[in-house]
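First up is the structure itself, then whatever we jot down about it.
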Amino acid sequence: MDIRSTFETLDKKFTSFGGLEQGGITRLLYSPEWIAAVRELEATFKEEGLEVSFDDVGNLSGRLVGSKHPEETILTGSHIDTVVEGGHLDGQFGILSALVAVKYLKEKHGQPLRTIEVLSLAEEEGSRFPYTFWGSKNFFNLAKKSDVETIEDADGIKFEDAMHESGFDYRKTDHVRDDIKAFVEVHIEQGKVLEAENKAIGVVTGIVGQKRYTINLKGEANHAGTTPMSLRRDTVVAYSEIVTDLTKRAREIGEPLV
């Protein structure tokens with residue numbers, strides 16, 4: 001089995017679902033492109049001899065059952081949706097690389113001791129509807145119907161309607177799986193650190209935390225031809241000083257700050 005060519009063939013096929021002529025890919029939750037991709041992935045899992053199932057919301061699993069500890073699951077995968085005009089390897093890479101790895105493992109070593117499950121999460125990005133992590137939140141029973149039942153996309157299509165038209169519905173069980181022993185996600189680096197250091201792979205040991213603030217700056221507009229500089233109160237000047245100062249402080253702190 002040629003791992004590289006196998007992956008490239010799969011990647012080319014799945015990039016066609018939402019692929020754009022100018023490059024990139026747009027595959028939004030419950031869109032026609034998303035439906036086509038998950039149905040093709042379902043067929044591909046079956047072709048590889050995996051046990052295939054959807055959950056209520058559209059998370060797709062392909063399982064290679066273990067021989068010695070079938071009740072213990074090693075989970076691997078990523079999300080199938082994209083941002084608008086996103087890179088074709090964001091999310092998709094984690095699913096297809098997991099599939100290729102399972103295919104290689106089965107051909108080279110046969111049935112694994114523990115169950116290996118390739119997971120295609122329905123949604124992560126929040127690119128169509130104002131809600132993120134619909135796939136993983138449902139997987140762990142963290143999503144609430146009230147969070148999405150009134151939201152719409154930019155075209156006024158309701159979340160509920162898009163979900164139902166895709167053949168899916170709200171989660172119908174409160175059960176959270178207790179068989180998962182580990183979860184491994186392979187992901188492209190979205191920065192340039194590995195590239196700059198000429199390294200092929202890195203192991204994530206932490207993830208960035210974020211805090212967001214809304215700050216209102218109030219200045220004063222005035223006549224440009226008559227107002228002395230000592231009397232000006234231009235908001236853009238204050239803003240530029242804030243940006244410059246924060247950037248300087250961040251550079252002084254240095255890595256790993258982003």
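Naming works like this for the structure tokens: A, B, ... for the chains as they're shown, residue 1 at the start of each chain, ligands 1 onward in shown order.
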
* **Which of stretch 7-246 of chain A DSSP labels strand (DSSP E or B), written as a ChimeraX atom specification** => /A:19,25,51-54,60-64,69-79,86,114-121,152,158,180-184,220,233

Deliver the residues from the most recent selection as a file, using N, CA, C and O atoms, as a compact mmCIF listing (two decimals), in the first residue's frame.
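Output below, filename part.txt:
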```
# COMPACT_ATOMS: atom_id res chain seq x y z
N GLY A 19 -15.28 22.09 -3.45
CA GLY A 19 -14.07 22.69 -3.99
C GLY A 19 -14.37 23.85 -4.92
O GLY A 19 -15.35 23.83 -5.67
N ILE A 25 -11.97 25.53 -0.41
CA ILE A 25 -13.17 24.70 -0.34
C ILE A 25 -14.17 25.33 0.62
O ILE A 25 -13.79 25.89 1.66
N GLU A 51 -17.44 -0.87 10.33
CA GLU A 51 -18.82 -0.81 10.78
C GLU A 51 -19.23 0.67 10.82
O GLU A 51 -18.65 1.46 11.54
N VAL A 52 -20.25 1.03 10.04
CA VAL A 52 -20.56 2.43 9.82
C VAL A 52 -21.88 2.83 10.48
O VAL A 52 -22.85 2.08 10.44
N SER A 53 -21.88 4.02 11.09
CA SER A 53 -23.11 4.52 11.70
C SER A 53 -23.08 6.03 11.80
O SER A 53 -22.02 6.65 11.97
N PHE A 54 -24.27 6.64 11.66
CA PHE A 54 -24.47 8.06 11.95
C PHE A 54 -25.13 8.18 13.31
O PHE A 54 -25.93 7.32 13.69
N LEU A 60 -20.44 10.98 11.90
CA LEU A 60 -20.30 9.70 11.21
C LEU A 60 -19.12 8.92 11.76
O LEU A 60 -18.03 9.47 11.93
N SER A 61 -19.34 7.63 12.04
CA SER A 61 -18.28 6.77 12.59
C SER A 61 -18.05 5.55 11.71
O SER A 61 -18.99 4.98 11.17
N GLY A 62 -16.78 5.19 11.60
CA GLY A 62 -16.40 3.94 10.96
C GLY A 62 -15.52 3.15 11.91
O GLY A 62 -14.45 3.62 12.29
N ARG A 63 -15.98 1.96 12.34
CA ARG A 63 -15.31 1.22 13.40
C ARG A 63 -14.63 -0.06 12.87
O ARG A 63 -15.22 -0.81 12.11
N LEU A 64 -13.40 -0.25 13.31
CA LEU A 64 -12.69 -1.51 13.10
C LEU A 64 -12.62 -2.18 14.47
O LEU A 64 -11.87 -1.75 15.35
N HIS A 69 -9.92 -6.54 23.06
CA HIS A 69 -10.66 -5.59 23.90
C HIS A 69 -11.62 -4.78 23.02
O HIS A 69 -11.46 -3.56 22.88
N PRO A 70 -12.63 -5.40 22.45
CA PRO A 70 -13.54 -4.68 21.56
C PRO A 70 -14.33 -3.58 22.26
O PRO A 70 -14.81 -2.64 21.61
N GLU A 71 -14.45 -3.67 23.58
CA GLU A 71 -15.23 -2.68 24.34
C GLU A 71 -14.41 -1.42 24.64
O GLU A 71 -14.94 -0.45 25.19
N GLU A 72 -13.12 -1.43 24.29
CA GLU A 72 -12.26 -0.26 24.49
C GLU A 72 -11.97 0.38 23.14
O GLU A 72 -11.47 -0.28 22.23
N THR A 73 -12.27 1.67 23.02
CA THR A 73 -12.18 2.34 21.73
C THR A 73 -11.11 3.40 21.70
O THR A 73 -11.03 4.25 22.59
N ILE A 74 -10.27 3.33 20.66
CA ILE A 74 -9.34 4.41 20.35
C ILE A 74 -10.00 5.23 19.24
O ILE A 74 -10.23 4.73 18.15
N LEU A 75 -10.31 6.46 19.54
CA LEU A 75 -11.07 7.31 18.62
C LEU A 75 -10.11 8.25 17.89
O LEU A 75 -9.17 8.79 18.49
N THR A 76 -10.34 8.44 16.60
CA THR A 76 -9.49 9.35 15.84
C THR A 76 -10.29 9.96 14.70
O THR A 76 -11.20 9.34 14.15
N GLY A 77 -10.00 11.19 14.36
CA GLY A 77 -10.73 11.86 13.29
C GLY A 77 -10.71 13.36 13.45
O GLY A 77 -9.85 13.92 14.15
N SER A 78 -11.67 14.04 12.80
CA SER A 78 -11.73 15.50 12.84
C SER A 78 -13.10 15.93 12.33
O SER A 78 -14.03 15.13 12.30
N HIS A 79 -13.21 17.17 11.89
CA HIS A 79 -14.50 17.70 11.43
C HIS A 79 -14.56 17.73 9.90
O HIS A 79 -13.55 17.97 9.24
N GLY A 86 -12.05 27.81 2.77
CA GLY A 86 -11.00 27.29 3.64
C GLY A 86 -10.01 26.41 2.89
O GLY A 86 -10.21 26.05 1.72
N ARG A 114 -7.64 -3.46 20.23
CA ARG A 114 -8.75 -2.61 20.67
C ARG A 114 -9.47 -2.05 19.45
O ARG A 114 -8.91 -1.97 18.37
N THR A 115 -10.70 -1.65 19.64
CA THR A 115 -11.48 -1.07 18.56
C THR A 115 -10.91 0.29 18.18
O THR A 115 -10.62 1.11 19.05
N ILE A 116 -10.75 0.51 16.89
CA ILE A 116 -10.33 1.82 16.38
C ILE A 116 -11.49 2.41 15.61
O ILE A 116 -12.06 1.76 14.73
N GLU A 117 -11.85 3.61 15.94
CA GLU A 117 -13.01 4.26 15.33
C GLU A 117 -12.60 5.57 14.68
O GLU A 117 -12.03 6.44 15.33
N VAL A 118 -12.88 5.69 13.40
CA VAL A 118 -12.64 6.94 12.67
C VAL A 118 -13.91 7.78 12.77
O VAL A 118 -14.99 7.34 12.38
N LEU A 119 -13.77 9.00 13.27
CA LEU A 119 -14.92 9.86 13.53
C LEU A 119 -14.88 11.10 12.64
O LEU A 119 -13.88 11.81 12.59
N SER A 120 -15.97 11.33 11.93
CA SER A 120 -16.16 12.55 11.15
C SER A 120 -17.19 13.41 11.87
O SER A 120 -18.39 13.13 11.83
N LEU A 121 -16.71 14.43 12.56
CA LEU A 121 -17.62 15.30 13.30
C LEU A 121 -18.38 16.20 12.35
O LEU A 121 -17.80 16.76 11.40
N GLU A 152 -30.61 31.23 12.38
CA GLU A 152 -30.69 31.12 10.92
C GLU A 152 -29.34 31.42 10.31
O GLU A 152 -28.46 32.01 10.95
N LYS A 158 -33.49 28.41 8.51
CA LYS A 158 -33.40 28.03 9.91
C LYS A 158 -32.53 26.79 10.09
O LYS A 158 -32.51 25.90 9.25
N ILE A 180 -14.49 5.11 25.36
CA ILE A 180 -13.39 5.81 24.70
C ILE A 180 -12.19 5.92 25.64
O ILE A 180 -12.26 6.53 26.72
N LYS A 181 -11.08 5.34 25.22
CA LYS A 181 -9.87 5.34 26.04
C LYS A 181 -8.88 6.42 25.61
O LYS A 181 -8.03 6.83 26.39
N ALA A 182 -8.98 6.86 24.37
CA ALA A 182 -8.09 7.92 23.87
C ALA A 182 -8.69 8.53 22.62
O ALA A 182 -9.47 7.87 21.91
N PHE A 183 -8.37 9.78 22.37
CA PHE A 183 -8.76 10.43 21.13
C PHE A 183 -7.53 11.08 20.52
O PHE A 183 -6.82 11.83 21.19
N VAL A 184 -7.27 10.76 19.24
CA VAL A 184 -6.11 11.29 18.54
C VAL A 184 -6.59 12.04 17.31
O VAL A 184 -7.33 11.49 16.49
N GLU A 220 -13.32 63.24 19.09
CA GLU A 220 -14.06 64.43 18.68
C GLU A 220 -13.67 64.80 17.26
O GLU A 220 -12.49 65.04 16.96
N ARG A 233 -8.72 65.78 19.11
CA ARG A 233 -9.01 64.59 19.91
C ARG A 233 -9.41 63.45 18.95
O ARG A 233 -10.54 62.99 18.96
```

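The protein and nucleic acid residues lying at most 9 Å from A:Ala101 are A:Ile3, A:Leu96, A:Lys106, with only C-alpha atoms considered and sequence neighbours fewer than 5 positions away removed.
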
* Just the residues within 12 Å of stretch 11-16 of chain A, please, counting only C-alpha atoms, with nothing from its chain fewer than 4 positions along; format it as a VMD selection string. => chain A and resid 4 to 7 20 to 21 23 to 27 33 to 42 44 80 to 82 85 to 97 99 to 100

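One finds atom CA of A:Tyr239 at 19.9 Å from atom CA of A:His223.
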
* Kindly give the distance, in Å, that separates atom CA of A:Leu10 and atom CA of A:Val186, rounded to a single decimal. => 15.9 Å

* Name the residues of stretch 35-249 of chain A that fall into alpha helix (DSSP H) according to DSSP on the backbone, using the chain letters and numbers of this document, as a PyMOL selection string. => chain A and resi 35-47+92-109+134-139+145-148+159-165+193-196+235-249

Excluding A:Ala238 and any residue of its chain fewer than 4 positions from it, enumerate the residues within 8 Å of it, using only C-alpha atoms, and give them as a PDB file with N, CA and C atoms, in the first residue's frame.
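Produced file out_18.pdb, reproduced below:
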```pdb
ATOM      1  N   LEU A 217     -13.861  53.751  22.050  1.00  0.00           N
ATOM      2  CA  LEU A 217     -13.051  54.962  22.140  1.00  0.00           C
ATOM      3  C   LEU A 217     -13.862  56.128  21.609  1.00  0.00           C
ATOM      4  N   ASP A 234      -8.472  63.054  18.114  1.00  0.00           N
ATOM      5  CA  ASP A 234      -8.745  62.064  17.062  1.00  0.00           C
ATOM      6  C   ASP A 234      -8.710  60.638  17.614  1.00  0.00           C
ATOM      7  N   ILE A 242      -2.720  52.438  21.104  1.00  0.00           N
ATOM      8  CA  ILE A 242      -3.059  51.225  21.846  1.00  0.00           C
ATOM      9  C   ILE A 242      -2.522  49.994  21.122  1.00  0.00           C
TER      10      ILE A 242
END
```

* Asked: Could you name the residues that touch A:Lys137 at 12 Å or less, counting only C-alpha atoms, but leaving out those on the same chain fewer than 2 positions away, as a ChimeraX atom specification?
  -> /A:57,59,121-124,131-135,139-145,147,170-171,174,176

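Atom to atom, atom CA of A:Lys46 and atom CA of A:Lys68 stand 22.5 Å apart.
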
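Closest approach to A:Glu189 among A:Thr247, A:Arg177, A:Glu125, A:Val204: A:Val204, based on only C-alpha atoms.
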
* Quick one: residues within 10 Å of A:Ile151, only C-alpha atoms counted, chain neighbours fewer than 4 positions away excluded, as a PyMOL selection string? -> chain A and resi 129-131+146-147+156-160

Next, write the just-selected residues to a file, as a PDB file, in the first residue's frame, keeping all heavy atoms as the atom set.
```pdb
ATOM      1  N   PHE A 129     -24.001  28.848  10.527  1.00  0.00           N
ATOM      2  CA  PHE A 129     -24.908  29.305  11.588  1.00  0.00           C
ATOM      3  C   PHE A 129     -24.088  29.859  12.755  1.00  0.00           C
ATOM      4  O   PHE A 129     -22.956  29.421  12.981  1.00  0.00           O
ATOM      5  CB  PHE A 129     -25.785  28.149  12.072  1.00  0.00           C
ATOM      6  CG  PHE A 129     -26.644  27.539  10.996  1.00  0.00           C
ATOM      7  CD1 PHE A 129     -26.234  26.390  10.334  1.00  0.00           C
ATOM      8  CD2 PHE A 129     -27.854  28.122  10.648  1.00  0.00           C
ATOM      9  CE1 PHE A 129     -27.021  25.824   9.341  1.00  0.00           C
ATOM     10  CE2 PHE A 129     -28.641  27.565   9.661  1.00  0.00           C
ATOM     11  CZ  PHE A 129     -28.230  26.410   8.996  1.00  0.00           C
ATOM     12  N   PRO A 130     -24.650  30.798  13.517  1.00  0.00           N
ATOM     13  CA  PRO A 130     -23.909  31.385  14.649  1.00  0.00           C
ATOM     14  C   PRO A 130     -23.844  30.434  15.844  1.00  0.00           C
ATOM     15  O   PRO A 130     -24.389  30.707  16.918  1.00  0.00           O
ATOM     16  CB  PRO A 130     -24.720  32.650  14.955  1.00  0.00           C
ATOM     17  CG  PRO A 130     -26.117  32.319  14.532  1.00  0.00           C
ATOM     18  CD  PRO A 130     -25.964  31.457  13.310  1.00  0.00           C
ATOM     19  N   TYR A 131     -23.181  29.313  15.641  1.00  0.00           N
ATOM     20  CA  TYR A 131     -23.027  28.308  16.686  1.00  0.00           C
ATOM     21  C   TYR A 131     -21.853  27.418  16.299  1.00  0.00           C
ATOM     22  O   TYR A 131     -21.721  27.034  15.132  1.00  0.00           O
ATOM     23  CB  TYR A 131     -24.310  27.467  16.806  1.00  0.00           C
ATOM     24  CG  TYR A 131     -24.319  26.510  17.990  1.00  0.00           C
ATOM     25  CD1 TYR A 131     -24.771  26.932  19.232  1.00  0.00           C
ATOM     26  CD2 TYR A 131     -23.865  25.207  17.857  1.00  0.00           C
ATOM     27  CE1 TYR A 131     -24.776  26.072  20.327  1.00  0.00           C
ATOM     28  CE2 TYR A 131     -23.869  24.334  18.932  1.00  0.00           C
ATOM     29  CZ  TYR A 131     -24.330  24.772  20.169  1.00  0.00           C
ATOM     30  OH  TYR A 131     -24.321  23.913  21.242  1.00  0.00           O
ATOM     31  N   SER A 146     -32.234  24.431  22.691  1.00  0.00           N
ATOM     32  CA  SER A 146     -32.556  25.854  22.785  1.00  0.00           C
ATOM     33  C   SER A 146     -31.452  26.740  22.186  1.00  0.00           C
ATOM     34  O   SER A 146     -31.700  27.898  21.846  1.00  0.00           O
ATOM     35  CB  SER A 146     -32.785  26.253  24.243  1.00  0.00           C
ATOM     36  OG  SER A 146     -31.649  25.964  25.038  1.00  0.00           O
ATOM     37  N   ASP A 147     -30.245  26.193  22.065  1.00  0.00           N
ATOM     38  CA  ASP A 147     -29.137  26.969  21.503  1.00  0.00           C
ATOM     39  C   ASP A 147     -29.306  27.231  20.011  1.00  0.00           C
ATOM     40  O   ASP A 147     -28.783  28.220  19.491  1.00  0.00           O
ATOM     41  CB  ASP A 147     -27.808  26.238  21.723  1.00  0.00           C
ATOM     42  CG  ASP A 147     -27.405  26.164  23.180  1.00  0.00           C
ATOM     43  OD1 ASP A 147     -27.875  27.006  23.970  1.00  0.00           O
ATOM     44  OD2 ASP A 147     -26.623  25.264  23.532  1.00  0.00           O
ATOM     45  N   GLY A 156     -31.355  33.284   5.734  1.00  0.00           N
ATOM     46  CA  GLY A 156     -32.619  33.171   6.455  1.00  0.00           C
ATOM     47  C   GLY A 156     -33.117  31.750   6.610  1.00  0.00           C
ATOM     48  O   GLY A 156     -34.262  31.532   7.023  1.00  0.00           O
ATOM     49  N   ILE A 157     -32.269  30.762   6.283  1.00  0.00           N
ATOM     50  CA  ILE A 157     -32.656  29.360   6.447  1.00  0.00           C
ATOM     51  C   ILE A 157     -32.455  28.954   7.900  1.00  0.00           C
ATOM     52  O   ILE A 157     -31.368  29.136   8.458  1.00  0.00           O
ATOM     53  CB  ILE A 157     -31.832  28.446   5.525  1.00  0.00           C
ATOM     54  CG1 ILE A 157     -32.076  28.832   4.061  1.00  0.00           C
ATOM     55  CG2 ILE A 157     -32.186  26.973   5.758  1.00  0.00           C
ATOM     56  CD1 ILE A 157     -31.196  28.089   3.083  1.00  0.00           C
ATOM     57  N   LYS A 158     -33.488  28.412   8.506  1.00  0.00           N
ATOM     58  CA  LYS A 158     -33.404  28.030   9.907  1.00  0.00           C
ATOM     59  C   LYS A 158     -32.526  26.792  10.090  1.00  0.00           C
ATOM     60  O   LYS A 158     -32.515  25.900   9.245  1.00  0.00           O
ATOM     61  CB  LYS A 158     -34.807  27.755  10.461  1.00  0.00           C
ATOM     62  CG  LYS A 158     -35.686  28.989  10.561  1.00  0.00           C
ATOM     63  CD  LYS A 158     -37.028  28.653  11.190  1.00  0.00           C
ATOM     64  CE  LYS A 158     -37.884  29.899  11.346  1.00  0.00           C
ATOM     65  NZ  LYS A 158     -39.196  29.580  11.971  1.00  0.00           N
ATOM     66  N   PHE A 159     -31.815  26.774  11.196  1.00  0.00           N
ATOM     67  CA  PHE A 159     -30.960  25.634  11.531  1.00  0.00           C
ATOM     68  C   PHE A 159     -31.766  24.334  11.497  1.00  0.00           C
ATOM     69  O   PHE A 159     -31.344  23.344  10.900  1.00  0.00           O
ATOM     70  CB  PHE A 159     -30.342  25.846  12.910  1.00  0.00           C
ATOM     71  CG  PHE A 159     -29.342  24.797  13.307  1.00  0.00           C
ATOM     72  CD1 PHE A 159     -27.990  25.022  13.169  1.00  0.00           C
ATOM     73  CD2 PHE A 159     -29.759  23.572  13.841  1.00  0.00           C
ATOM     74  CE1 PHE A 159     -27.064  24.062  13.533  1.00  0.00           C
ATOM     75  CE2 PHE A 159     -28.846  22.606  14.203  1.00  0.00           C
ATOM     76  CZ  PHE A 159     -27.493  22.852  14.047  1.00  0.00           C
ATOM     77  N   GLU A 160     -32.918  24.356  12.163  1.00  0.00           N
ATOM     78  CA  GLU A 160     -33.762  23.167  12.232  1.00  0.00           C
ATOM     79  C   GLU A 160     -34.143  22.658  10.845  1.00  0.00           C
ATOM     80  O   GLU A 160     -34.104  21.453  10.572  1.00  0.00           O
ATOM     81  CB  GLU A 160     -35.033  23.456  13.028  1.00  0.00           C
ATOM     82  CG  GLU A 160     -34.853  23.468  14.522  1.00  0.00           C
ATOM     83  CD  GLU A 160     -36.196  23.533  15.241  1.00  0.00           C
ATOM     84  OE1 GLU A 160     -37.192  23.917  14.597  1.00  0.00           O
ATOM     85  OE2 GLU A 160     -36.246  23.212  16.441  1.00  0.00           O
TER      86      GLU A 160
END
```

* Between A:Ala224, A:Val102, A:Val84, A:Gly66, which has the minimum distance to A:Glu48 (counting only C-alpha atoms)? -> A:Val102

* To do: Excluding stretch 193-203 of chain A and residues on its chain fewer than 3 positions from it, collect all residues at most 12 Å away from it, counting only C-alpha atoms, and give them as a ChimeraX atom specification.
  => /A:184-190,206-207,255-256,258
